[in-house]
$ cat model.pdb   # PDB, C-alpha atoms
ATOM      1  CA  MET R 149     124.205  57.715  43.846  1.00  0.00           C
ATOM      2  CA  GLY R 150     125.547  54.265  44.613  1.00  0.00           C
ATOM      3  CA  ASN R 151     126.022  51.425  42.252  1.00  0.00           C
ATOM      4  CA  ILE R 152     122.867  50.754  40.329  1.00  0.00           C
ATOM      5  CA  GLN R 153     123.501  47.307  38.864  1.00  0.00           C
ATOM      6  CA  LYS R 154     121.350  44.473  39.972  1.00  0.00           C
ATOM      7  CA  SER R 155     123.693  42.903  42.536  1.00  0.00           C
ATOM      8  CA  THR R 156     122.154  39.812  44.060  1.00  0.00           C
ATOM      9  CA  ILE R 157     118.600  40.916  44.656  1.00  0.00           C
ATOM     10  CA  SER R 158     115.829  38.540  43.838  1.00  0.00           C
ATOM     11  CA  LYS R 159     112.769  39.872  42.114  1.00  0.00           C
ATOM     12  CA  SER R 160     110.461  37.681  44.160  1.00  0.00           C
ATOM     13  CA  ASP R 161     111.953  39.114  47.364  1.00  0.00           C
ATOM     14  CA  VAL R 162     111.259  42.632  46.139  1.00  0.00           C
ATOM     15  CA  ARG R 163     107.733  41.653  45.165  1.00  0.00           C
ATOM     16  CA  THR R 164     107.142  40.137  48.607  1.00  0.00           C
ATOM     17  CA  HIS R 165     108.580  43.288  50.184  1.00  0.00           C
ATOM     18  CA  ILE R 166     106.122  45.478  48.230  1.00  0.00           C
ATOM     19  CA  LYS R 167     103.247  43.196  49.211  1.00  0.00           C
ATOM     20  CA  ASP R 168     104.285  43.487  52.873  1.00  0.00           C
ATOM     21  CA  ILE R 169     104.387  47.294  52.618  1.00  0.00           C
ATOM     22  CA  ILE R 170     100.884  47.355  51.107  1.00  0.00           C
ATOM     23  CA  VAL R 171      99.497  44.877  53.656  1.00  0.00           C
ATOM     24  CA  GLY R 172     101.065  46.904  56.480  1.00  0.00           C
ATOM     25  CA  LYS R 173      99.404  50.084  55.220  1.00  0.00           C
ATOM     26  CA  ILE R 174      96.068  48.267  54.881  1.00  0.00           C
ATOM     27  CA  GLU R 175      96.225  46.932  58.440  1.00  0.00           C
ATOM     28  CA  LYS R 176      97.175  50.329  59.851  1.00  0.00           C
ATOM     29  CA  LEU R 177      94.322  52.028  57.993  1.00  0.00           C
ATOM     30  CA  GLU R 178      91.793  49.425  59.084  1.00  0.00           C
ATOM     31  CA  LYS R 179      92.755  49.979  62.728  1.00  0.00           C
ATOM     32  CA  PHE R 180      92.560  53.719  62.251  1.00  0.00           C
ATOM     33  CA  ILE R 181      89.128  53.536  60.631  1.00  0.00           C
ATOM     34  CA  GLU R 182      87.856  51.347  63.454  1.00  0.00           C
ATOM     35  CA  PHE R 183      89.286  53.741  66.042  1.00  0.00           C
ATOM     36  CA  THR R 184      87.739  56.775  64.337  1.00  0.00           C
ATOM     37  CA  LEU R 185      84.360  55.041  63.972  1.00  0.00           C
ATOM     38  CA  GLU R 186      84.315  54.197  67.668  1.00  0.00           C
ATOM     39  CA  ALA R 187      85.360  57.715  68.599  1.00  0.00           C
ATOM     40  CA  SER R 188      82.627  59.189  66.416  1.00  0.00           C
ATOM     41  CA  ARG R 189      80.020  57.031  68.191  1.00  0.00           C
ATOM     42  CA  GLU R 190      81.157  58.493  71.527  1.00  0.00           C
ATOM     43  CA  ILE R 191      80.368  62.035  70.455  1.00  0.00           C
ATOM     44  CA  LYS R 192      77.133  63.331  71.925  1.00  0.00           C
ATOM     45  CA  LYS R 193      74.244  63.393  69.493  1.00  0.00           C
ATOM     46  CA  THR R 194      73.573  67.081  69.979  1.00  0.00           C
ATOM     47  CA  PRO R 195      73.552  69.776  67.290  1.00  0.00           C
ATOM     48  CA  LYS R 196      76.496  71.400  69.033  1.00  0.00           C
ATOM     49  CA  TYR R 197      78.703  68.470  67.938  1.00  0.00           C
ATOM     50  CA  ASP R 198      77.319  68.053  64.417  1.00  0.00           C
ATOM     51  CA  SER R 199      80.276  69.646  62.680  1.00  0.00           C
ATOM     52  CA  ILE R 200      82.763  67.477  64.588  1.00  0.00           C
ATOM     53  CA  ARG R 201      80.770  64.391  63.665  1.00  0.00           C
ATOM     54  CA  GLU R 202      80.657  65.495  60.029  1.00  0.00           C
ATOM     55  CA  GLU R 203      84.416  66.043  59.988  1.00  0.00           C
ATOM     56  CA  MET R 204      84.966  62.571  61.381  1.00  0.00           C
ATOM     57  CA  GLN R 205      82.616  61.080  58.791  1.00  0.00           C
ATOM     58  CA  GLU R 206      84.599  62.861  56.090  1.00  0.00           C
ATOM     59  CA  GLU R 207      87.823  61.522  57.601  1.00  0.00           C
ATOM     60  CA  ILE R 208      86.445  57.978  57.641  1.00  0.00           C
ATOM     61  CA  TYR R 209      85.244  58.364  54.057  1.00  0.00           C
ATOM     62  CA  GLN R 210      88.725  59.490  52.924  1.00  0.00           C
ATOM     63  CA  MET R 211      90.364  56.574  54.746  1.00  0.00           C
ATOM     64  CA  GLN R 212      87.930  54.112  53.199  1.00  0.00           C
ATOM     65  CA  ARG R 213      88.826  55.438  49.751  1.00  0.00           C
ATOM     66  CA  GLN R 214      92.524  55.046  50.547  1.00  0.00           C
ATOM     67  CA  LEU R 215      91.825  51.544  51.780  1.00  0.00           C
ATOM     68  CA  ALA R 216      90.018  50.662  48.554  1.00  0.00           C
ATOM     69  CA  ALA R 217      92.979  51.980  46.551  1.00  0.00           C
ATOM     70  CA  LEU R 218      95.422  49.909  48.629  1.00  0.00           C
ATOM     71  CA  ASN R 219      93.285  46.805  48.183  1.00  0.00           C
ATOM     72  CA  ASP R 220      93.371  47.460  44.427  1.00  0.00           C
ATOM     73  CA  LEU R 221      97.171  47.668  44.584  1.00  0.00           C
ATOM     74  CA  ARG R 222      97.318  44.386  46.472  1.00  0.00           C
ATOM     75  CA  ARG R 223      95.008  42.756  43.902  1.00  0.00           C
ATOM     76  CA  ASN R 224      96.964  44.148  40.955  1.00  0.00           C
ATOM     77  CA  LEU R 225     100.224  42.923  42.430  1.00  0.00           C
ATOM     78  CA  THR R 226      98.988  39.334  42.138  1.00  0.00           C
ATOM     79  CA  LYS R 227      98.882  39.833  38.340  1.00  0.00           C
ATOM     80  CA  VAL R 228     102.564  40.782  38.308  1.00  0.00           C
ATOM     81  CA  LEU R 229     104.484  37.676  37.379  1.00  0.00           C
ATOM     82  CA  ASN R 230     107.860  36.795  38.793  1.00  0.00           C
ATOM     83  CA  LYS R 231     109.409  35.419  35.647  1.00  0.00           C
ATOM     84  CA  PRO R 232     112.576  37.040  34.277  1.00  0.00           C
ATOM     85  CA  THR R 233     112.029  39.465  31.403  1.00  0.00           C
ATOM     86  CA  ASP R 234     114.572  40.454  28.768  1.00  0.00           C
ATOM     87  CA  LYS R 235     112.458  43.241  27.288  1.00  0.00           C
ATOM     88  CA  ILE R 236     110.742  45.735  29.568  1.00  0.00           C
ATOM     89  CA  GLN R 237     107.145  44.877  30.416  1.00  0.00           C
ATOM     90  CA  LEU R 238     104.862  44.396  33.415  1.00  0.00           C
ATOM     91  CA  GLY R 239     106.914  42.584  36.052  1.00  0.00           C
ATOM     92  CA  SER R 240     110.278  43.869  34.846  1.00  0.00           C
ATOM     93  CA  MET R 241     112.866  45.167  37.242  1.00  0.00           C
ATOM     94  CA  VAL R 242     114.688  47.907  35.359  1.00  0.00           C
ATOM     95  CA  PHE R 243     118.063  49.373  36.258  1.00  0.00           C
ATOM     96  CA  THR R 244     118.949  52.580  34.429  1.00  0.00           C
ATOM     97  CA  ASN R 245     122.029  54.720  34.901  1.00  0.00           C
ATOM     98  CA  LYS R 246     119.869  56.965  37.130  1.00  0.00           C
ATOM     99  CA  ALA R 247     117.401  54.803  39.035  1.00  0.00           C
ATOM    100  CA  ARG R 248     115.822  51.417  39.736  1.00  0.00           C
ATOM    101  CA  PHE R 249     112.247  50.703  38.688  1.00  0.00           C
ATOM    102  CA  TYR R 250     109.938  47.805  39.341  1.00  0.00           C
ATOM    103  CA  ILE R 251     107.048  47.815  36.888  1.00  0.00           C
ATOM    104  CA  SER R 252     104.289  46.469  39.070  1.00  0.00           C
ATOM    105  CA  VAL R 253     101.923  48.755  40.986  1.00  0.00           C
ATOM    106  CA  SER R 254     101.975  52.485  41.671  1.00  0.00           C
ATOM    107  CA  LEU R 255     103.370  52.360  45.184  1.00  0.00           C
ATOM    108  CA  GLY R 256     106.080  54.905  44.398  1.00  0.00           C
ATOM    109  CA  GLU R 257     109.378  55.133  46.226  1.00  0.00           C
ATOM    110  CA  PHE R 258     110.450  52.294  48.500  1.00  0.00           C
ATOM    111  CA  TYR R 259     113.702  50.949  49.879  1.00  0.00           C
ATOM    112  CA  PHE R 260     114.920  47.388  49.579  1.00  0.00           C
ATOM    113  CA  GLU R 261     118.124  46.291  51.311  1.00  0.00           C
ATOM    114  CA  GLY R 262     119.165  49.919  51.563  1.00  0.00           C
ATOM    115  CA  ASP R 263     118.625  50.705  47.884  1.00  0.00           C
ATOM    116  CA  ARG R 264     115.999  53.105  46.598  1.00  0.00           C
ATOM    117  CA  PHE R 265     113.521  51.746  44.065  1.00  0.00           C
ATOM    118  CA  TYR R 266     110.396  53.078  42.421  1.00  0.00           C
ATOM    119  CA  ALA R 267     107.391  50.801  42.061  1.00  0.00           C
ATOM    120  CA  ILE R 268     105.448  52.108  39.077  1.00  0.00           C
ATOM    121  CA  SER R 269     102.377  50.831  37.256  1.00  0.00           C
ATOM    122  CA  GLU R 270     102.535  49.839  33.603  1.00  0.00           C
ATOM    123  CA  GLU R 271     100.174  52.771  32.925  1.00  0.00           C
ATOM    124  CA  SER R 272     102.722  55.340  34.120  1.00  0.00           C
ATOM    125  CA  PRO R 273     104.500  57.529  31.531  1.00  0.00           C
ATOM    126  CA  MET R 274     107.846  56.080  32.670  1.00  0.00           C
ATOM    127  CA  ALA R 275     106.739  52.462  32.163  1.00  0.00           C
ATOM    128  CA  LYS R 276     105.111  53.322  28.830  1.00  0.00           C
ATOM    129  CA  ILE R 277     108.232  54.977  27.457  1.00  0.00           C
ATOM    130  CA  MET R 278     110.436  52.061  28.628  1.00  0.00           C
ATOM    131  CA  HIS R 279     108.075  49.348  27.377  1.00  0.00           C
ATOM    132  CA  GLY R 280     109.738  46.874  25.003  1.00  0.00           C
ATOM    133  CA  LYS R 281     113.204  48.379  25.482  1.00  0.00           C
ATOM    134  CA  LYS R 282     116.250  46.351  26.499  1.00  0.00           C
ATOM    135  CA  PRO R 283     119.670  46.946  28.060  1.00  0.00           C
ATOM    136  CA  GLY R 284     121.675  49.482  26.070  1.00  0.00           C
ATOM    137  CA  ASP R 285     118.582  51.412  24.937  1.00  0.00           C
ATOM    138  CA  SER R 286     118.145  55.023  25.995  1.00  0.00           C
ATOM    139  CA  PHE R 287     115.087  57.230  26.420  1.00  0.00           C
ATOM    140  CA  VAL R 288     114.213  60.765  27.464  1.00  0.00           C
ATOM    141  CA  LEU R 289     111.386  61.664  29.807  1.00  0.00           C
ATOM    142  CA  ASN R 290     110.858  65.103  31.394  1.00  0.00           C
ATOM    143  CA  ASN R 291     114.073  66.270  29.738  1.00  0.00           C
ATOM    144  CA  ILE R 292     116.050  63.582  31.574  1.00  0.00           C
ATOM    145  CA  SER R 293     117.935  61.083  29.464  1.00  0.00           C
ATOM    146  CA  GLN R 294     118.420  57.603  30.893  1.00  0.00           C
ATOM    147  CA  THR R 295     120.136  54.503  29.606  1.00  0.00           C
ATOM    148  CA  ILE R 296     118.875  51.047  30.467  1.00  0.00           C
ATOM    149  CA  VAL R 297     121.677  49.087  32.108  1.00  0.00           C
ATOM    150  CA  ASP R 298     119.894  45.918  33.120  1.00  0.00           C
ATOM    151  CA  VAL R 299     116.481  44.271  32.986  1.00  0.00           C
ATOM    152  CA  MET R 300     115.341  41.416  35.197  1.00  0.00           C
TER
END
$ encode --input "model.pdb" --output "structure tokens"
Amino acid sequence: MGNIQKSTISKSDVRTHIKDIIVGKIEKLEKFIEFTLEASREIKKTPKYDSIREEMQEEIYQMQRQLAALNDLRRNLTKVLNKPTDKIQLGSMVFTNKARFYISVSLGEFYFEGDRFYAISEESPMAKIMHGKKPGDSFVLNNISQTIVDVM
């Protein structure tokens, strides 16, 4: 595990990076849905192909649900402010002795300038247990003890 302190990263750059990841996933899914819809229209309308058509419909339905979830993430990200925080809250970038967290949306693991971060929502157990804490505070979650080193 490399050095965890905040170095010179800017929170707004990380936020933009997350937005780009989400937008990229949305665009890819939209293309995929379109492709699958067109393919499903090509399938002959005969009983023999009903199950294939049904599978494709199911596939499209799943992708549309994923798309809705990603659009929610994108919307929620706009509520995440860029201002510096001294206590942990929505919008905080948290550096512990074990990991880096950005309390924003539940995107999960992502890399920024070669470093691994976790984008988590304020509803997550991790964000809830860290809420209101500041550098120097410690907490235990899932039997893992962590100490907060820095908050941005």
$ residues_around --input "model.pdb" --residues "Leu289 of chain R" --least-positions-apart "3" --cutoff "12 Å" --atoms "all atoms listed in the file" --output "ChimeraX atom specification"
/R:272-278,286,292-295
$ residues_around --input "model.pdb" --residues "segment 200-203 of chain R" --least-positions-apart "3" --cutoff "10 Å" --atoms "only C-alpha atoms" --output "list in words"
Ala187, Ser188, Arg189, Glu190, Ile191, Lys192, Lys193, Thr194, Pro195, Lys196, Tyr197, Glu206, Glu207, Ile208 and Tyr209 of chain R
$ atom_distance --input "model.pdb" --atom1 "atom CA of Met211 of chain R" --atom2 "atom CA of Ile166 of chain R"
20.3 Å
$ residues_around --input "model.pdb" --residues "Asp285 of chain R" --least-positions-apart "4" --cutoff "12 Å" --atoms "all atoms listed in the file" --output "number ranges by chain"
R: 235-236, 242-245, 277-281, 293-299
$ resolve_selection --input "model.pdb" --expression "the PyMOL selection byres ((chain R and resi 229) around 9)" --output "PDB file with C-alpha atoms, keeping the file's coordinate frame"
ATOM      1  CA  LEU R 225     100.224  42.923  42.430  1.00  0.00           C
ATOM      2  CA  THR R 226      98.988  39.334  42.138  1.00  0.00           C
ATOM      3  CA  LYS R 227      98.882  39.833  38.340  1.00  0.00           C
ATOM      4  CA  VAL R 228     102.564  40.782  38.308  1.00  0.00           C
ATOM      5  CA  ASN R 230     107.860  36.795  38.793  1.00  0.00           C
ATOM      6  CA  LYS R 231     109.409  35.419  35.647  1.00  0.00           C
ATOM      7  CA  PRO R 232     112.576  37.040  34.277  1.00  0.00           C
ATOM      8  CA  LEU R 238     104.862  44.396  33.415  1.00  0.00           C
ATOM      9  CA  GLY R 239     106.914  42.584  36.052  1.00  0.00           C
ATOM     10  CA  SER R 240     110.278  43.869  34.846  1.00  0.00           C
ATOM     11  CA  SER R 252     104.289  46.469  39.070  1.00  0.00           C
TER      12      SER R 252
END
$ resolve_selection --input "model.pdb" --expression "the PyMOL selection byres ((chain R and resi 266) around 6)" --output "count of residues only"
5
$ closest_residue --input "model.pdb" --among "R:Met300, R:Val288, R:Leu177, R:Ile170" --to "Ser254 of chain R" --atoms "all atoms listed in the file"
R:Ile170
$ atom_distance --input "model.pdb" --atom1 "atom CA of Leu185 of chain R" --atom2 "atom CA of Leu218 of chain R"
19.6 Å
$ residues_around --input "model.pdb" --residues "Glu178 of chain R" --least-positions-apart "5" --cutoff "12 Å" --atoms "all atoms listed in the file" --output "PyMOL selection string"
chain R and resi 171-173+183-185+208+211-216+218-219
$ closest_residue --input "model.pdb" --among "R:Asn224, R:Phe287, R:Glu271, R:Tyr250" --to "Ser160 of chain R" --atoms "all atoms listed in the file"
R:Tyr250
$ decode --input "model.pdb" --residues "segment 263-295 of chain R" --atoms "N, CA and C atoms" --output "CSV table (one decimal), in the first residue's frame"
chain,number,residue,atom,x,y,z
R,263,ASP,N,-3.9,6.2,-8.1
R,263,ASP,CA,-4.3,5.8,-6.7
R,263,ASP,C,-5.7,5.2,-6.6
R,264,ARG,N,-5.9,4.2,-5.8
R,264,ARG,CA,-7.2,3.6,-5.6
R,264,ARG,C,-8.0,4.4,-4.6
R,265,PHE,N,-9.2,4.7,-5.0
R,265,PHE,CA,-10.2,5.3,-4.2
R,265,PHE,C,-11.5,4.5,-4.1
R,266,TYR,N,-12.3,4.8,-3.2
R,266,TYR,CA,-13.7,4.2,-3.1
R,266,TYR,C,-14.7,5.4,-3.1
R,267,ALA,N,-15.5,5.4,-4.1
R,267,ALA,CA,-16.6,6.4,-4.0
R,267,ALA,C,-17.8,5.7,-3.3
R,268,ILE,N,-18.2,6.3,-2.2
R,268,ILE,CA,-19.3,5.7,-1.4
R,268,ILE,C,-20.4,6.7,-1.2
R,269,SER,N,-21.6,6.2,-1.0
R,269,SER,CA,-22.7,7.2,-0.8
R,269,SER,C,-22.7,7.4,0.7
R,270,GLU,N,-23.4,8.6,1.1
R,270,GLU,CA,-23.5,8.9,2.5
R,270,GLU,C,-24.3,7.9,3.3
R,271,GLU,N,-25.1,7.1,2.6
R,271,GLU,CA,-26.0,6.1,3.2
R,271,GLU,C,-25.2,4.8,3.5
R,272,SER,N,-24.0,4.7,3.0
R,272,SER,CA,-23.2,3.4,3.2
R,272,SER,C,-22.8,3.3,4.7
R,273,PRO,N,-22.6,2.1,5.2
R,273,PRO,CA,-22.2,1.9,6.6
R,273,PRO,C,-20.9,2.6,6.9
R,274,MET,N,-20.0,2.6,5.9
R,274,MET,CA,-18.7,3.2,6.1
R,274,MET,C,-18.8,4.7,6.3
R,275,ALA,N,-19.6,5.4,5.4
R,275,ALA,CA,-19.8,6.8,5.5
R,275,ALA,C,-20.5,7.2,6.8
R,276,LYS,N,-21.5,6.3,7.2
R,276,LYS,CA,-22.2,6.6,8.4
R,276,LYS,C,-21.4,6.5,9.6
R,277,ILE,N,-20.5,5.5,9.7
R,277,ILE,CA,-19.6,5.4,10.9
R,277,ILE,C,-18.5,6.5,10.9
R,278,MET,N,-18.1,7.0,9.7
R,278,MET,CA,-17.1,8.1,9.7
R,278,MET,C,-17.7,9.5,9.9
R,279,HIS,N,-19.0,9.6,9.7
R,279,HIS,CA,-19.7,10.9,9.7
R,279,HIS,C,-19.4,11.7,10.9
R,280,GLY,N,-19.0,13.0,10.7
R,280,GLY,CA,-18.7,13.9,11.8
R,280,GLY,C,-17.3,13.7,12.4
R,281,LYS,N,-16.6,12.7,12.0
R,281,LYS,CA,-15.2,12.5,12.6
R,281,LYS,C,-14.2,13.4,11.9
R,282,LYS,N,-13.0,13.5,12.5
R,282,LYS,CA,-12.0,14.4,12.0
R,282,LYS,C,-10.6,13.7,12.1
R,283,PRO,N,-9.6,14.3,11.4
R,283,PRO,CA,-8.3,13.6,11.5
R,283,PRO,C,-7.9,13.3,12.9
R,284,GLY,N,-7.3,12.1,13.1
R,284,GLY,CA,-6.9,11.6,14.4
R,284,GLY,C,-7.9,10.7,15.0
R,285,ASP,N,-9.2,10.8,14.6
R,285,ASP,CA,-10.2,9.8,15.1
R,285,ASP,C,-10.0,8.5,14.5
R,286,SER,N,-10.4,7.5,15.3
R,286,SER,CA,-10.4,6.1,14.7
R,286,SER,C,-11.8,5.5,14.8
R,287,PHE,N,-12.0,4.4,14.0
R,287,PHE,CA,-13.3,3.7,14.0
R,287,PHE,C,-13.0,2.3,13.6
R,288,VAL,N,-14.0,1.4,14.0
R,288,VAL,CA,-13.9,0.0,13.6
R,288,VAL,C,-15.1,-0.4,12.8
R,289,LEU,N,-14.9,-1.0,11.6
R,289,LEU,CA,-16.0,-1.5,10.8
R,289,LEU,C,-15.6,-2.8,10.3
R,290,ASN,N,-16.5,-3.8,10.4
R,290,ASN,CA,-16.2,-5.2,9.9
R,290,ASN,C,-14.9,-5.7,10.6
R,291,ASN,N,-14.7,-5.4,11.8
R,291,ASN,CA,-13.5,-5.9,12.6
R,291,ASN,C,-12.2,-5.2,12.1
R,292,ILE,N,-12.3,-4.2,11.2
R,292,ILE,CA,-11.1,-3.5,10.8
R,292,ILE,C,-11.1,-2.1,11.4
R,293,SER,N,-10.0,-1.9,12.1
R,293,SER,CA,-9.8,-0.6,12.7
R,293,SER,C,-9.1,0.4,11.7
R,294,GLN,N,-9.6,1.6,11.6
R,294,GLN,CA,-8.9,2.6,10.7
R,294,GLN,C,-8.8,3.9,11.5
R,295,THR,N,-7.7,4.6,11.2
R,295,THR,CA,-7.5,5.9,11.7
R,295,THR,C,-7.6,7.0,10.6
